file model04.cif (mmCIF, C-alpha atoms and all ligand atoms)
data_run
#
loop_
_atom_site.label_atom_id
_atom_site.label_comp_id
_atom_site.auth_asym_id
_atom_site.auth_seq_id
_atom_site.Cartn_x
_atom_site.Cartn_y
_atom_site.Cartn_z
CA MET A 710 63.90 87.86 104.11
CA THR A 711 62.25 90.99 105.49
CA SER A 712 60.96 93.99 103.62
CA ALA A 713 61.65 97.62 104.52
CA ALA A 714 61.96 100.65 102.21
CA THR A 715 61.90 99.28 98.68
CA THR A 716 62.88 101.81 96.06
CA SER A 717 66.29 101.35 94.54
CA ALA A 718 67.60 103.74 91.88
CA THR A 719 67.81 101.04 89.21
CA SER A 720 65.88 97.93 88.33
CA TYR A 721 68.24 94.99 87.98
CA LYS A 722 65.52 92.61 86.81
CA SER A 723 67.22 91.97 83.49
CA ALA A 724 70.61 91.47 85.14
CA GLN A 725 69.85 88.19 86.91
CA ALA A 726 71.18 86.13 84.01
CA HIS A 727 74.48 88.04 84.06
CA TYR A 728 75.00 87.63 87.79
CA LEU A 729 74.25 83.92 87.60
CA SER A 730 76.17 83.23 84.37
CA PRO A 731 79.41 81.24 84.69
CA LYS A 732 80.76 83.52 81.90
CA ARG A 733 80.80 86.41 84.39
CA ARG A 734 83.71 84.80 86.25
CA ASP A 735 86.03 85.20 83.28
CA PRO A 736 89.84 84.87 83.66
CA VAL A 737 90.28 88.60 84.41
CA LYS A 738 87.78 88.35 87.27
CA ARG A 739 89.32 85.15 88.67
CA LEU A 740 92.99 86.05 88.18
CA MET A 741 92.97 89.72 89.15
CA GLU A 742 89.67 91.32 90.19
CA GLU A 743 88.71 88.87 92.92
CA PRO A 744 92.26 88.61 94.36
CA ALA A 745 92.57 92.43 94.32
CA SER A 746 89.25 92.82 96.17
CA ARG A 747 90.23 90.08 98.61
CA ALA A 748 93.54 91.83 99.34
CA VAL A 749 91.60 95.03 100.17
CA LEU A 750 89.20 93.13 102.43
CA THR A 751 92.00 91.21 104.16
CA ARG A 752 93.83 94.47 104.95
CA ALA A 753 90.60 95.97 106.32
CA VAL A 754 89.75 92.94 108.47
CA THR A 755 93.32 92.73 109.80
CA LYS A 756 93.00 96.34 110.96
CA LEU A 757 89.91 95.39 112.97
CA ASP A 758 92.08 93.36 115.40
CA LEU A 759 89.21 90.99 116.07
CA PRO A 760 89.51 88.79 119.15
CA ALA A 761 90.55 85.23 118.16
CA GLU A 762 87.57 83.18 117.03
CA ALA A 763 85.25 86.23 117.19
CA PRO A 764 82.71 86.36 114.36
CA LEU A 765 83.07 88.97 111.62
CA ARG A 766 79.72 90.76 111.51
CA VAL A 767 79.18 92.08 107.98
CA LEU A 768 76.48 94.26 106.41
CA ASP A 769 76.86 94.06 102.60
CA LEU A 770 75.16 97.11 101.04
CA GLY A 771 73.87 96.54 97.49
CA SER A 772 74.55 92.83 98.00
CA GLY A 773 73.05 91.67 94.67
CA THR A 774 73.12 87.89 94.46
CA GLY A 775 75.43 87.66 97.49
CA ASP A 776 78.86 87.73 95.80
CA GLY A 777 80.26 89.36 98.94
CA ILE A 778 80.03 85.97 100.67
CA HIS A 779 82.22 84.40 97.99
CA LEU A 780 84.75 87.26 98.21
CA LEU A 781 84.99 86.88 102.00
CA THR A 782 85.10 83.10 102.36
CA ALA A 783 86.59 81.63 99.17
CA THR A 784 90.27 81.30 98.44
CA ASP A 785 92.33 81.99 95.31
CA ASP A 786 95.90 81.54 93.99
CA THR A 787 97.28 84.38 96.08
CA ASN A 788 95.02 84.83 99.11
CA PRO A 789 93.67 82.63 101.88
CA PRO A 790 89.99 83.32 102.71
CA VAL A 791 89.42 86.74 104.29
CA ILE A 792 87.51 84.95 107.05
CA ALA A 793 86.66 81.30 107.69
CA GLY A 794 83.09 80.55 106.63
CA ASN A 795 82.12 79.51 110.16
CA ARG A 796 83.17 82.92 111.53
CA LEU A 797 81.15 84.96 109.03
CA ASP A 798 77.96 86.55 110.35
CA TYR A 799 76.59 88.09 107.15
CA VAL A 800 73.60 90.26 106.32
CA GLY A 801 73.04 91.39 102.72
CA LEU A 802 70.83 94.36 101.86
CA ASP A 803 69.61 95.21 98.37
CA GLY A 804 66.96 97.46 96.86
CA ASP A 805 66.00 95.00 94.12
CA ALA A 806 63.46 92.34 95.13
CA ASP A 807 64.61 89.82 92.49
CA MET A 808 68.24 90.12 93.60
CA VAL A 809 67.18 89.48 97.21
CA ARG A 810 65.07 86.46 96.22
CA THR A 811 67.93 84.98 94.18
CA ALA A 812 70.53 85.68 96.88
CA SER A 813 68.33 84.04 99.52
CA SER A 814 67.95 80.88 97.46
CA LEU A 815 71.68 80.73 96.62
CA HIS A 816 72.77 81.32 100.24
CA PRO A 817 70.07 79.87 102.49
CA SER A 818 72.15 80.25 105.67
CA ALA A 819 72.74 84.02 105.16
CA ALA A 820 70.21 86.78 105.87
CA PHE A 821 69.12 89.11 103.07
CA ILE A 822 66.99 92.22 103.51
CA HIS A 823 65.03 93.97 100.79
CA ALA A 824 65.63 97.65 101.54
CA ASP A 825 67.05 100.86 100.17
CA MET A 826 70.50 101.69 101.56
CA ARG A 827 69.44 105.35 101.66
CA GLY A 828 66.84 104.43 104.30
CA GLU A 829 67.10 102.98 107.80
CA LEU A 830 69.86 100.33 108.05
CA PRO A 831 69.53 97.31 110.36
CA ASP A 832 70.63 98.41 113.82
CA ASN A 833 72.77 95.37 114.73
CA ASP A 834 76.45 96.08 115.48
CA PHE A 835 78.53 95.39 112.36
CA ASP A 836 82.34 95.17 112.13
CA LEU A 837 82.42 95.63 108.37
CA TYR A 838 80.10 97.66 106.15
CA LEU A 839 80.96 96.04 102.82
CA SER A 840 80.15 97.14 99.28
CA CYS A 841 81.30 95.60 96.02
CA GLY A 842 80.19 96.06 92.41
CA VAL A 843 79.97 99.87 92.79
CA PRO A 844 76.57 100.21 94.54
CA TYR A 845 77.41 103.68 95.95
CA SER A 846 77.69 104.98 92.37
CA HIS A 847 73.90 104.56 92.13
CA LEU A 848 73.62 107.34 94.72
CA THR A 849 74.23 111.06 94.31
CA PRO A 850 77.22 112.40 96.30
CA SER A 851 74.87 113.97 98.87
CA GLU A 852 73.00 110.66 99.30
CA THR A 853 76.36 108.90 99.82
CA ILE A 854 77.30 111.52 102.43
CA ASP A 855 74.02 110.79 104.25
CA VAL A 856 74.50 107.00 104.14
CA LEU A 857 78.11 107.29 105.36
CA THR A 858 77.14 109.79 108.07
CA GLY A 859 74.69 107.19 109.43
CA ILE A 860 77.31 104.41 109.32
CA PHE A 861 80.06 106.59 110.89
CA THR A 862 77.68 107.72 113.64
CA ARG A 863 76.92 104.06 114.40
CA ALA A 864 80.68 103.30 114.40
CA ARG A 865 81.32 106.08 116.93
CA THR A 866 79.03 104.39 119.45
CA ALA A 867 80.00 100.77 118.64
CA GLN A 868 81.81 98.48 121.08
CA ARG A 869 84.54 97.62 118.58
CA ARG A 870 86.45 99.18 115.71
CA THR A 871 84.50 99.36 112.40
CA ALA A 872 85.69 99.12 108.78
CA VAL A 873 83.76 100.59 105.85
CA ILE A 874 84.41 99.74 102.20
CA VAL A 875 83.05 102.22 99.67
CA ASP A 876 83.13 100.88 96.10
CA VAL A 877 82.38 103.35 93.27
CA LEU A 878 82.99 103.82 89.55
CA GLY A 879 86.30 105.56 88.76
CA ARG A 880 85.91 108.87 86.97
CA PHE A 881 89.11 108.58 84.89
CA SER A 882 88.75 105.07 83.48
CA ILE A 883 89.94 104.57 79.89
CA GLU A 884 86.54 102.91 79.33
CA TRP A 885 84.91 106.37 79.17
CA THR A 886 87.50 109.03 78.27
CA PRO A 887 84.83 111.16 76.45
CA GLN A 888 83.02 111.53 79.83
CA TRP A 889 86.03 112.51 81.97
CA GLN A 890 84.78 116.07 82.44
CA HIS A 891 81.52 114.85 84.05
CA HIS A 892 80.78 113.47 87.53
CA GLN A 893 77.36 112.06 86.69
CA TRP A 894 76.07 110.59 83.46
CA ASP A 895 73.77 107.87 82.12
CA TYR A 896 75.69 104.65 82.47
CA ALA A 897 74.55 101.40 80.88
CA MET A 898 75.61 97.93 81.92
CA THR A 899 75.74 96.61 78.37
CA PHE A 900 78.09 93.80 79.36
CA PHE A 901 75.33 91.70 80.91
CA HIS A 902 75.30 88.24 79.38
CA ASP A 903 72.00 86.97 77.99
CA ALA A 904 70.06 89.96 79.36
CA PRO A 905 66.94 90.81 77.35
CA GLU A 906 67.31 94.55 78.06
CA ARG A 907 70.15 96.74 79.23
CA VAL A 908 70.29 98.23 82.71
CA GLN A 909 70.67 101.98 82.32
CA SER A 910 70.78 104.60 85.04
CA PRO A 911 72.43 107.87 86.03
CA MET A 912 75.56 107.01 87.99
CA THR A 913 78.16 109.03 89.90
CA PHE A 914 81.86 108.72 89.01
CA TYR A 915 84.67 109.58 91.41
CA SER A 916 88.29 110.64 91.38
CA CYS A 917 90.21 110.04 94.60
CA SER A 918 89.76 113.68 95.60
CA ASP A 919 86.00 113.58 94.82
CA LEU A 920 85.58 110.55 97.10
CA THR A 921 87.88 111.97 99.78
CA ALA A 922 85.64 115.07 99.94
CA VAL A 923 82.49 112.93 100.35
CA ILE A 924 84.07 110.85 103.10
CA ALA A 925 85.39 113.96 104.87
CA ALA A 926 81.92 115.59 104.79
CA ALA A 927 80.35 112.47 106.32
CA ALA A 928 83.11 112.23 108.96
CA ARG A 929 82.53 115.88 109.94
CA ALA A 930 78.76 115.37 110.15
CA ALA A 931 79.21 112.25 112.31
CA ASN A 932 81.96 113.87 114.38
CA VAL A 933 84.50 111.10 113.77
CA ARG A 934 88.09 111.15 112.62
CA PRO A 935 88.89 108.00 110.59
CA ARG A 936 91.80 106.07 112.04
CA HIS A 937 92.72 104.90 108.53
CA LEU A 938 91.78 105.80 104.95
CA ASP A 939 93.17 104.38 101.72
CA PHE A 940 92.13 103.99 98.08
CA THR A 941 92.57 101.23 95.49
CA ASP A 942 92.01 101.36 91.73
CA ARG A 943 90.74 98.04 90.38
CA SER A 944 90.70 97.11 86.66
CA VAL A 945 92.68 99.93 85.09
CA LEU A 946 93.02 98.58 81.53
CA VAL A 947 90.67 95.62 81.75
CA GLY A 948 87.29 97.03 82.86
CA ARG A 949 84.39 95.27 81.14
CA HIS A 950 83.64 98.31 78.98
CA THR A 951 87.04 98.07 77.27
CA THR A 952 85.46 95.13 75.48
CA THR A 953 81.95 96.54 74.91
CA ARG A 954 83.51 99.91 73.89
CA THR A 955 80.08 101.42 74.61
CA PHE A 956 81.53 104.72 75.87
CA ASN A 957 84.90 104.81 74.09
CA ALA A 958 85.12 103.31 70.60
CA ASP A 959 88.83 104.16 70.33
CA ILE A 960 90.35 101.62 72.69
CA GLN A 961 91.51 98.08 72.20
CA PRO A 962 89.23 95.43 73.76
CA TYR A 963 91.84 94.76 76.46
CA ARG A 964 89.62 92.62 78.67
CA GLN A 965 88.85 90.25 75.79
CA LEU A 966 92.50 90.24 74.66
CA ILE A 967 93.70 89.32 78.16
CA ASN A 968 90.98 86.67 78.53
CA ASP A 969 92.10 85.16 75.21
CA LEU A 970 95.74 85.13 76.37
CA ALA A 971 94.77 83.52 79.69
CA GLU A 972 92.81 80.82 77.91
CA GLY A 973 95.71 80.12 75.53
CA THR A 974 93.67 81.24 72.49
CA PRO A 975 95.12 84.61 71.42
CA ALA A 976 93.96 85.33 67.87
CA THR A 977 94.81 88.99 67.27
CA PRO A 978 98.20 90.54 66.32
CA TRP A 979 100.35 90.93 69.43
CA ARG A 980 100.79 94.67 68.80
CA ARG A 981 97.10 95.25 69.62
CA LEU A 982 98.01 94.58 73.24
CA ARG A 983 100.10 97.78 73.36
CA PHE A 984 98.58 100.68 75.30
CA GLU A 985 98.90 104.34 74.30
CA PRO A 986 98.07 106.77 77.13
CA PRO A 987 94.80 108.68 76.61
CA THR A 988 95.01 112.27 75.45
CA ALA A 989 91.74 113.47 77.05
CA LYS A 990 92.08 116.43 79.45
CA ALA A 991 92.74 115.23 83.00
CA PRO A 992 94.53 116.30 86.20
CA SER A 993 98.30 115.98 85.84
CA ALA A 994 98.51 113.04 88.29
CA ILE A 995 96.16 111.04 86.05
CA THR A 996 98.04 111.92 82.86
CA GLN A 997 101.35 110.98 84.48
CA PHE A 998 99.90 107.75 85.87
CA PHE A 999 98.79 106.57 82.41
CA ARG A 1000 102.16 107.52 80.89
CA ASP A 1001 104.02 105.44 83.49
CA LEU A 1002 101.62 102.51 83.16
CA SER A 1003 101.95 102.63 79.37
CA SER A 1004 105.78 102.30 79.54
CA ARG A 1005 105.64 99.40 81.98
CA TRP A 1006 102.82 97.58 80.15
CA ASN A 1007 104.35 98.06 76.69
CA ALA A 1008 107.75 96.83 77.91
CA GLN A 1009 106.11 93.50 78.77
CA VAL A 1010 104.13 93.38 75.52
CA ASP A 1011 107.20 94.25 73.40
CA ARG A 1012 109.25 91.57 75.15
CA ALA A 1013 106.57 88.98 74.27
CA GLY A 1014 106.47 90.19 70.66
CA ALA A 1015 110.22 90.61 70.17
CA HIS A 1016 110.57 87.57 67.91
CA LEU A 1017 107.19 87.81 66.21
CA ALA A 1018 106.09 89.59 63.02
CA PRO A 1019 103.74 92.53 63.79
CA HIS A 1020 100.64 90.69 62.50
CA GLN A 1021 101.28 87.48 64.49
CA PRO A 1022 99.44 86.67 67.72
CA VAL A 1023 101.37 85.65 70.84
CA PRO A 1024 101.73 81.83 70.74
CA GLY A 1025 98.97 80.16 72.77
CA THR A 1026 101.52 78.44 75.01
CA GLN A 1027 102.90 81.83 76.13
CA GLY A 1028 99.48 83.42 76.55
CA PRO A 1029 98.62 82.43 80.14
CA LEU A 1030 101.94 83.69 81.54
CA LEU A 1031 101.69 86.98 79.63
CA ALA A 1032 98.08 87.47 80.84
CA ARG A 1033 99.22 87.08 84.47
CA THR A 1034 102.21 89.36 83.92
CA LEU A 1035 100.08 92.15 82.43
CA LEU A 1036 97.38 91.86 85.10
CA GLU A 1037 100.07 92.02 87.78
CA CYS A 1038 101.63 95.02 85.99
CA GLU A 1039 98.41 97.07 86.21
CA ARG A 1040 97.72 95.89 89.73
CA ARG A 1041 101.16 97.01 90.97
CA ALA A 1042 100.92 100.33 89.14
CA GLN A 1043 97.55 101.35 90.62
CA GLN A 1044 97.61 104.33 92.97
CA GLY A 1045 93.94 104.68 93.97
CA LEU A 1046 93.47 107.81 91.85
CA GLY A 1047 90.07 106.97 90.34
CA ALA A 1048 91.80 105.88 87.13
CA ALA A 1049 90.15 102.46 86.81
CA HIS A 1050 86.71 100.86 86.48
CA SER A 1051 86.34 100.75 90.29
CA LEU A 1052 87.70 102.97 93.01
CA ILE A 1053 87.59 101.32 96.45
CA ALA A 1054 87.95 103.33 99.66
CA THR A 1055 88.79 101.55 102.92
CA ILE A 1056 87.89 103.52 106.05
CA VAL A 1057 88.55 102.39 109.63
CA ILE A 1058 86.84 104.07 112.56
CA ASP A 1059 87.41 103.67 116.28
CA PRO A 1060 84.63 104.06 118.84
CA ALA A 1061 84.69 107.48 120.53
C1 LIG A 1101 76.33 96.05 90.19
S1 LIG A 1101 75.33 95.36 91.45
C2 LIG A 1101 76.54 94.63 92.56
C3 LIG A 1101 75.99 93.46 93.32
C4 LIG A 1101 76.98 92.72 94.22
N1 LIG A 1101 77.45 93.54 95.32
C5 LIG A 1101 78.15 92.18 93.43
O1 LIG A 1101 79.28 92.63 93.62
O2 LIG A 1101 77.91 91.27 92.61
C6 LIG A 1101 74.78 96.78 92.37
C7 LIG A 1101 73.68 96.42 93.35
O3 LIG A 1101 73.34 97.61 94.09
C8 LIG A 1101 71.93 97.58 94.32
N2 LIG A 1101 71.48 98.94 94.62
C9 LIG A 1101 71.52 100.03 93.82
N3 LIG A 1101 71.01 101.10 94.45
C10 LIG A 1101 70.63 100.67 95.69
C11 LIG A 1101 70.04 101.29 96.80
N4 LIG A 1101 69.73 102.60 96.78
N5 LIG A 1101 69.78 100.56 97.91
C12 LIG A 1101 70.10 99.24 97.95
N6 LIG A 1101 70.65 98.57 96.91
C13 LIG A 1101 70.93 99.29 95.79
C14 LIG A 1101 71.36 97.03 93.03
O4 LIG A 1101 70.05 96.54 93.20
C15 LIG A 1101 72.39 95.96 92.68
O5 LIG A 1101 72.04 94.69 93.19
#
call {"tool": "encode", "arguments": {"input": "model04.cif", "output": "structure tokens"}}
result
Amino acid sequence: MTSAATTSATSYKSAQAHYLSPKRRDPVKRLMEEPASRAVLTRAVTKLDLPAEAPLRVLDLGSGTGDGIHLLTATDDTNPPVIAGNRLDYVGLDGDADMVRTASSLHPSAAFIHADMRGELPDNDFDLYLSCGVPYSHLTPSETIDVLTGIFTRARTAQRRTAVIVDVLGRFSIEWTPQWQHHQWDYAMTFFHDAPERVQSPMTFYSCSDLTAVIAAAARAANVRPRHLDFTDRSVLVGRHTTTRTFNADIQPYRQLINDLAEGTPATPWRRLRFEPPTAKAPSAITQFFRDLSSRWNAQVDRAGAHLAPHQPVPGTQGPLLARTLLECERRAQQGLGAAHSLIATIVIDPA
């Protein structure tokens, strides 16, 4: 562990318990969020066209306790590992000293650097500049442009193609409809398990066009033209704040309801699973997206409830299948609009 610039926007000291808690890997995370992230990473790594057996050199920005290693090397129901563990050459970088200490003890064979991503980045050649868990949302848009300009400039002079994953908070998530008119506001991670205090900080929220503009500004400044750019919405109806309802008291606790279904312990009337599209002012593509998702989602819910009285829960035996069906429904519907908890951009850059 080395130490460079050390000021991160937020102290995560009270978040250690959450990141280490087994409760964090709830069914929604295991069944949908991790596979969805892995699918994004697999597509990005495939586009790199790495020589057979070549290592994948990764810099994970805002690496926290090193979850990026798990995403890259573990397997799940639907995806093989993104890369075999013995081909991963991983460096994690985080602005929080406790996170770096914990990550280093959990992953003794990986390198972790205590540094601010807004400062000088390690100057090794990396194939993949990873981010997960929305670290870029801790930055202002102009800070993100600066960080990406540095990465894109490095990619222009690299020996091989480079992929960059930019993970941010989606502006039009149902978790915070009252905030849809704002790009930046004080966000609080009140979902941390067993944390003595809540992590609160100003964060930046992005629609697809907001993030496209930031990426385009960085590409212009670095004089590169991305070979590939796409966007993925992750956790449309099941972001963690649907259950805390910290920023929107008017929604059903979908994440908890789906977790209960997946665990075969649904306890609430089946009709609470239905989803009515939000009425908050939004661009027409967002409004239309939620209308379409609502019809598809409710068709599945109504089918499950067809033979039940309105106050009855779905039988426990049918819960796990319905949970998977609904998670797959939102995953298929996503369009990368910034209409979910996370918006993930995948950028691929060729050397000049
Ligand atoms: C929500 S956590 C995600 C951690 C990890 N990537 C994961 O998915 O579990 C966001 C991380 O970004 C880090 N972070 C925030 N601002 C940063 C900055 N300016 N430089 C480096 N790290 C930063 C925080 O310390 C925190 O560990």
call {"tool": "closest_residue", "arguments": {"input": "model04.cif", "among": "A:Asn795, A:Thr996, A:Thr871, A:Thr913", "to": "ligand LIG 1101 (chain A)", "atoms": "all atoms listed in the file"}}
result
A:Thr913
call {"tool": "residues_around", "arguments": {"input": "model04.cif", "residues": "A:Ala753", "least_positions_apart": "5", "cutoff": "8 Å", "atoms": "only C-alpha atoms", "output": "ChimeraX atom specification"}}
result
/A:872,1055,1057
call {"tool": "closest_residue", "arguments": {"input": "model04.cif", "among": "A:Glu852, A:Asp1001, A:Asp1011, A:Asp959", "to": "A:Arg983", "atoms": "only C-alpha atoms"}}
result
A:Asp1011
call {"tool": "closest_residue", "arguments": {"input": "model04.cif", "among": "A:Ile995, A:Leu848, A:Cys1038, A:Val877", "to": "ligand LIG 1101 (chain A)", "atoms": "all atoms listed in the file"}}
result
A:Leu848
call {"tool": "atom_distance", "arguments": {"input": "model04.cif", "atom1": "atom CA of A:Ala793", "atom2": "atom CA of A:Ala745"}}
result
18.4 Å
call {"tool": "atom_distance", "arguments": {"input": "model04.cif", "atom1": "atom CA of A:Thr787", "atom2": "atom CA of A:Pro744"}}
result
6.8 Å
call {"tool": "residues_around", "arguments": {"input": "model04.cif", "residues": "A:Thr862", "least_positions_apart": "3", "cutoff": "9 Å", "atoms": "only C-alpha atoms", "output": "compact mmCIF listing (two decimals) with C-alpha atoms, keeping the file's coordinate frame"}}
result
# COMPACT_ATOMS: atom_id res chain seq x y z
CA LEU A 857 78.11 107.29 105.36
CA THR A 858 77.14 109.79 108.07
CA GLY A 859 74.69 107.19 109.43
CA ARG A 865 81.32 106.08 116.93
CA THR A 866 79.03 104.39 119.45
CA ALA A 867 80.00 100.77 118.64
CA ALA A 928 83.11 112.23 108.96
CA ALA A 930 78.76 115.37 110.15
CA ALA A 931 79.21 112.25 112.31
CA ASN A 932 81.96 113.87 114.38
CA VAL A 933 84.50 111.10 113.77
call {"tool": "closest_residue", "arguments": {"input": "model04.cif", "among": "A:Gly801, A:Asn833, A:Arg796, A:Pro844", "to": "ligand LIG 1101 (chain A)", "atoms": "all atoms listed in the file"}}
result
A:Pro844
call {"tool": "closest_residue", "arguments": {"input": "model04.cif", "among": "A:Pro789, A:Pro935, A:Pro736, A:Pro986", "to": "A:Ile883", "atoms": "all atoms listed in the file"}}
result
A:Pro986
call {"tool": "closest_residue", "arguments": {"input": "model04.cif", "among": "A:Ser1051, A:Ser814, A:Thr952, A:Ser918", "to": "ligand LIG 1101 (chain A)", "atoms": "only C-alpha atoms and all ligand atoms"}}
result
A:Ser1051
